[in-house]
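Notes to accompany the following structure.
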Amino acid sequence: MTYLKLNDGNRIPRLGIGLWEVPPAITARTVASALSLGYRLIDGAALYGNEEGLGEGIRQSDVPRDQLFVTTKIWNDRHGFDETLRAYDESLTRLGTPPDLLLIHWPCPAQARYVETWRALIRLREEGRVRSIGVSNFNADHLERIIGETGVTPVLNQIELHPRLQQAELRAIHDRLGIVTQSWTPLGQGRSFEAEPIRAIAARTGHSPAQVILRWHLQLGCSVIPRSTRPEGQAENLALGDLELTEDDMAAIATLEAGERTGPDPATFG
Ligand code: NAD
């Protein structure tokens, strides 16, 4: 497993397993299977309704806790300073272990409370209750506002990113600010699996379209969190070591940009 350095001195595995829509009843075994295959980063959230299973999967595995990196997120109905502290306590109880990274799931600009929420995350980090703090689905103006008002830069912004939504502008802003970009829905619901450059690179290198896309994320410098509940899919998504995309491959995939979201628009959602 290789790692990216965070701006607070900690490090995050570059590739992890995502738990959105993983049914609670199979979450523990999904996590335990991923850990046995070599995953060390697990992306959870209060919204996913499976934090108990996440914690259980860690306890079932024989990988020491200090080798794992667990993320969870504050959901949209828990914005505000005190409410966020309460939401954190509830996640902690469900997980049974403190997360390594706590994120604000969406900025919800219409609620106008994300700066307060960010102050609560800063407090939790100051108190040593979470090691790293970051955000998700923040646009440039949201980032600018929390950094401007608190002086604390998030370590990471988890955003929708796949070949049909490449987020070049936001990635450049992250690079300038020292924020890691983490890609959600990295496989883009399979919409690019059949696209010509992906198919051609997969055929040439003897890899699957999913592997080509995941490797593309890593070569962009992103952390990536594909979801698979099947051990075979989990293993496939982890087996990227011998795959290297050329500059021409990267340029060909860049042409797939279509400005196409699969999820909501952070400027208006929540
Ligand atoms: P994904 O891009 O990981 O795709 C998952 C789908 O692709 C599943 O149907 C899975 O069976 C299939 N798949 C996985 N590996 C495959 C392979 N090798 N070949 C073919 N198909 C394969 O989608 P996702 O779950 O939406 O996103 C990944 C993670 O990102 C989530 O689980 C969650 O942790 C996170 N996420 C975060 C947000 C956010 O707002 N912060 C939003 C959505 C997702």
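Each chain of the structure tokens is named A, B, ... in the order shown, its residues numbered from 1; ligands are numbered from 1 in display order.
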Practice task
Show me which residues sit within 6 Å of ligand 1 when counting only C-alpha atoms and all ligand atoms, and put them as a ChimeraX atom specification.
Solution key: /A:18-20,43-44,105,136,158,184-189,210,225-228,233,236-237
Practice task
Name the residues in contact with A:Gln60 at a cut-off of 12 Å, using only C-alpha atoms, excluding same-chain residues fewer than 5 positions from it; report them as a ChimeraX atom specification.
Solution key: /A:27-36,53-55,65
Please dump the current selection as a tab-separated table (two decimals), in the first residue's frame; keep N, CA and C atoms.
chain	number	residue	atom	x	y	z
A	27	THR	N	-21.77	-5.56	6.06
A	27	THR	CA	-20.66	-4.60	6.14
A	27	THR	C	-19.45	-5.19	6.86
A	28	ALA	N	-19.67	-5.88	7.98
A	28	ALA	CA	-18.53	-6.41	8.73
A	28	ALA	C	-17.72	-7.35	7.86
A	29	ARG	N	-18.40	-8.24	7.13
A	29	ARG	CA	-17.62	-9.19	6.32
A	29	ARG	C	-16.99	-8.51	5.09
A	30	THR	N	-17.64	-7.46	4.58
A	30	THR	CA	-17.05	-6.70	3.47
A	30	THR	C	-15.74	-6.06	3.92
A	31	VAL	N	-15.78	-5.45	5.12
A	31	VAL	CA	-14.59	-4.78	5.65
A	31	VAL	C	-13.51	-5.81	5.98
A	32	ALA	N	-13.89	-6.89	6.66
A	32	ALA	CA	-12.90	-7.90	7.05
A	32	ALA	C	-12.24	-8.51	5.81
A	33	SER	N	-13.03	-8.75	4.77
A	33	SER	CA	-12.47	-9.30	3.54
A	33	SER	C	-11.48	-8.32	2.91
A	34	ALA	N	-11.88	-7.03	2.84
A	34	ALA	CA	-10.98	-6.02	2.26
A	34	ALA	C	-9.67	-5.95	3.04
A	35	LEU	N	-9.76	-5.98	4.36
A	35	LEU	CA	-8.54	-5.86	5.18
A	35	LEU	C	-7.65	-7.09	4.96
A	36	SER	N	-8.27	-8.26	4.82
A	36	SER	CA	-7.44	-9.46	4.64
A	36	SER	C	-6.72	-9.41	3.28
A	53	GLY	N	-21.14	-1.97	11.55
A	53	GLY	CA	-20.52	-3.05	10.77
A	53	GLY	C	-19.07	-2.72	10.45
A	54	LEU	N	-18.79	-1.44	10.19
A	54	LEU	CA	-17.41	-1.04	9.92
A	54	LEU	C	-16.53	-1.39	11.13
A	55	GLY	N	-17.00	-0.97	12.31
A	55	GLY	CA	-16.23	-1.25	13.53
A	55	GLY	C	-16.10	-2.74	13.78
A	65	ARG	N	-5.14	-2.14	14.71
A	65	ARG	CA	-5.88	-0.90	14.48
A	65	ARG	C	-4.97	0.24	14.02
Handout entry: Residue nearest A:Leu256 among A:Ser132, A:Gln166, A:Gln111, A:Thr2 (counting only C-alpha atoms)
Key =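 Between A:Ser132, A:Gln166, A:Gln111, A:Thr2, the residue approaching A:Leu256 most closely is A:Gln166.
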Problem - Contacts of stretch 257-265 of chain A at 7 Å (only C-alpha atoms; same-chain gap of 5+ positions) as a PyMOL selection string - result: chain A and resi 163-166
For the selection just defined, write its residues with N, CA and C atoms to a file, as an mmCIF file, in the first residue's frame.
data_model
loop_
_atom_site.group_PDB
_atom_site.id
_atom_site.type_symbol
_atom_site.label_atom_id
_atom_site.label_comp_id
_atom_site.auth_asym_id
_atom_site.auth_seq_id
_atom_site.Cartn_x
_atom_site.Cartn_y
_atom_site.Cartn_z
ATOM 1 N N PRO A 163 -13.862 9.755 -15.009
ATOM 2 C CA PRO A 163 -13.478 10.262 -16.333
ATOM 3 C C PRO A 163 -14.470 11.249 -16.948
ATOM 4 N N ARG A 164 -15.743 11.189 -16.579
ATOM 5 C CA ARG A 164 -16.702 12.130 -17.164
ATOM 6 C C ARG A 164 -16.893 13.391 -16.315
ATOM 7 N N LEU A 165 -16.150 13.473 -15.203
ATOM 8 C CA LEU A 165 -16.156 14.687 -14.354
ATOM 9 C C LEU A 165 -14.773 14.761 -13.700
ATOM 10 N N GLN A 166 -13.840 15.398 -14.387
ATOM 11 C CA GLN A 166 -12.433 15.253 -14.003
ATOM 12 C C GLN A 166 -11.954 16.293 -13.001
#
Exercise for the section: From a DSSP pass on the backbone, collect the residues of stretch 114-237 of chain A flagged as strand (DSSP E or B) and hand them back as a PyMOL selection string. Expected result: chain A and resi 132-136+156-160+162+165+180-184+223-224
Problem - A:Ala110, A:Ile12, A:Ile122, A:Leu102 ranked by distance to A:Phe69, top pick (using only C-alpha atoms) - result: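 Under the stated criterion, the closest residue is A:Ile12.
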Exercise for the section: Find the spatial neighbours of A:Ile133, counting only C-alpha atoms, within a cut-off of 6 Å - ignore same-chain residues fewer than 6 positions away - and output them as a PyMOL selection string. Expected result: chain A and resi 101-103+154
Handout entry: Counting only C-alpha atoms, the residue of A:Asp100, A:Glu169, A:Glu90, A:Glu51 that sits nearest A:Pro13
Key =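 Answer, going by the shortest atom-to-atom distance: A:Asp100.
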Exercise for the section: Find the residues near A:Ile159: any atom within 8 Å, counting only C-alpha atoms, skip ones fewer than 4 places away on the same chain, and give them as a list in words. Expected result: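 So the residues in contact are Ser136, Asn137, Phe138, Thr181, Gln182, Ser183 and Trp184 of chain A.
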Keeping only all heavy atoms, write those residues as a CSV table (one decimal), in the first residue's frame.
chain,number,residue,atom,x,y,z
A,136,SER,N,-15.8,17.3,2.4
A,136,SER,CA,-16.3,16.6,1.2
A,136,SER,C,-17.3,17.4,0.4
A,136,SER,O,-18.1,18.1,1.1
A,136,SER,CB,-16.9,15.3,1.6
A,136,SER,OG,-17.4,14.5,0.5
A,137,ASN,N,-17.2,17.4,-0.9
A,137,ASN,CA,-18.1,18.2,-1.7
A,137,ASN,C,-18.0,19.7,-1.5
A,137,ASN,O,-19.0,20.4,-1.7
A,137,ASN,CB,-19.5,17.7,-1.5
A,137,ASN,CG,-19.7,16.2,-1.8
A,137,ASN,OD1,-19.4,15.8,-2.9
A,137,ASN,ND2,-20.1,15.4,-0.8
A,138,PHE,N,-16.8,20.2,-1.1
A,138,PHE,CA,-16.7,21.6,-1.0
A,138,PHE,C,-16.2,22.2,-2.3
A,138,PHE,O,-15.2,21.7,-2.9
A,138,PHE,CB,-15.7,21.9,0.1
A,138,PHE,CG,-16.3,22.0,1.5
A,138,PHE,CD1,-17.2,21.1,2.0
A,138,PHE,CD2,-16.0,23.1,2.4
A,138,PHE,CE1,-17.8,21.2,3.2
A,138,PHE,CE2,-16.6,23.2,3.6
A,138,PHE,CZ,-17.5,22.3,4.0
A,181,THR,N,-6.8,15.5,-2.9
A,181,THR,CA,-8.1,15.2,-3.6
A,181,THR,C,-8.4,13.8,-3.4
A,181,THR,O,-7.5,12.9,-3.7
A,181,THR,CB,-8.0,15.6,-5.1
A,181,THR,OG1,-7.6,16.9,-5.2
A,181,THR,CG2,-9.3,15.3,-5.8
A,182,GLN,N,-9.6,13.5,-3.0
A,182,GLN,CA,-10.0,12.0,-2.9
A,182,GLN,C,-11.3,11.9,-3.8
A,182,GLN,O,-12.2,12.7,-3.7
A,182,GLN,CB,-10.3,11.6,-1.5
A,182,GLN,CG,-10.5,10.2,-1.3
A,182,GLN,CD,-10.6,9.8,0.2
A,182,GLN,OE1,-11.4,10.3,0.9
A,182,GLN,NE2,-9.8,8.9,0.6
A,183,SER,N,-11.2,10.9,-4.6
A,183,SER,CA,-12.3,10.7,-5.6
A,183,SER,C,-13.4,9.8,-5.2
A,183,SER,O,-13.2,8.7,-4.8
A,183,SER,CB,-11.7,10.1,-6.9
A,183,SER,OG,-10.5,10.7,-7.3
A,184,TRP,N,-14.6,10.3,-5.1
A,184,TRP,CA,-15.8,9.4,-4.9
A,184,TRP,C,-16.5,9.1,-6.2
A,184,TRP,O,-16.4,9.8,-7.2
A,184,TRP,CB,-16.7,9.9,-3.8
A,184,TRP,CG,-17.6,11.2,-3.9
A,184,TRP,CD1,-17.4,12.4,-3.3
A,184,TRP,CD2,-18.8,11.3,-4.6
A,184,TRP,NE1,-18.4,13.2,-3.5
A,184,TRP,CE2,-19.3,12.6,-4.4
A,184,TRP,CE3,-19.6,10.5,-5.5
A,184,TRP,CZ2,-20.5,13.1,-4.9
A,184,TRP,CZ3,-20.8,11.0,-6.0
A,184,TRP,CH2,-21.2,12.3,-5.7
Handout entry: atom CA of A:Ile179 to atom CA of A:Val212, distance in Å rounded to a single decimal
Key =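 Atom-to-atom, atom CA of A:Ile179 to atom CA of A:Val212, that is 24.3 Å.
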Exercise for the section: Would you work out the distance separating atom CA of A:Thr117 from atom CA of A:Asp89, expressed in Å to one decimal? Expected result: 14.2 Å
Problem - Point-to-point distance in Å for atom CA of A:Ile74 and atom CA of A:Ile58 - result: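 Atom CA of A:Ile74 lies at a distance of 20.6 Å from atom CA of A:Ile58.
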Exercise for the section: Using only C-alpha atoms, find the one residue out of A:Pro24, A:Gly96, A:Cys108, A:Glu194 that sits nearest to A:Arg78. Expected result: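 Residue with the minimum atom-to-atom distance to A:Arg78: A:Cys108.
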Exercise for the section: Measuring atom to atom with only C-alpha atoms, identify which of A:Leu156, A:Leu92, A:Ile146, A:Leu68 is nearest to A:Ala112. Expected result: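 Ranked by minimum distance to A:Ala112, first place goes to A:Ile146.
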Handout entry: Nearest to A:Glu232, chosen from A:Ala46, A:Val155, A:Ala203, A:Leu37, with only C-alpha atoms counted in the distances
Key =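 The answer is A:Leu37, which sits nearest to A:Glu232.
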Exercise for the section: Could you please write out, as a PyMOL selection string, every residue of stretch 161-266 of chain A that DSSP assigns to helix (DSSP H, G or I)? Expected result: chain A and resi 168-177+188-190+196-205+209-220+231-238+247-254
Would you kindly return, as a PDB file with C-alpha atoms, in the first residue's frame, each protein, DNA or RNA residue with an atom no farther than 7 Å from any atom of A:Ala140, considering only C-alpha atoms and excluding same-chain residues fewer than 3 positions away?
ATOM      1  CA  LEU A 143     -12.904  26.090   1.004  1.00  0.00           C
ATOM      2  CA  GLU A 144     -11.890  29.728   0.857  1.00  0.00           C
ATOM      3  CA  LEU A 170     -10.705  22.097  -8.220  1.00  0.00           C
TER       4      LEU A 170
END
A:Tyr114: which residues within 7 Å, counting only C-alpha atoms, same-chain residues fewer than 5 positions away excluded, as a compact mmCIF listing (two decimals) with C-alpha atoms, in the first residue's frame?
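Output contents, as saved in out.txt:
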# COMPACT_ATOMS: atom_id res chain seq x y z
CA HIS A 79 -24.46 21.02 10.95
CA GLY A 80 -23.67 23.55 13.70
CA PRO A 107 -21.29 22.08 2.82
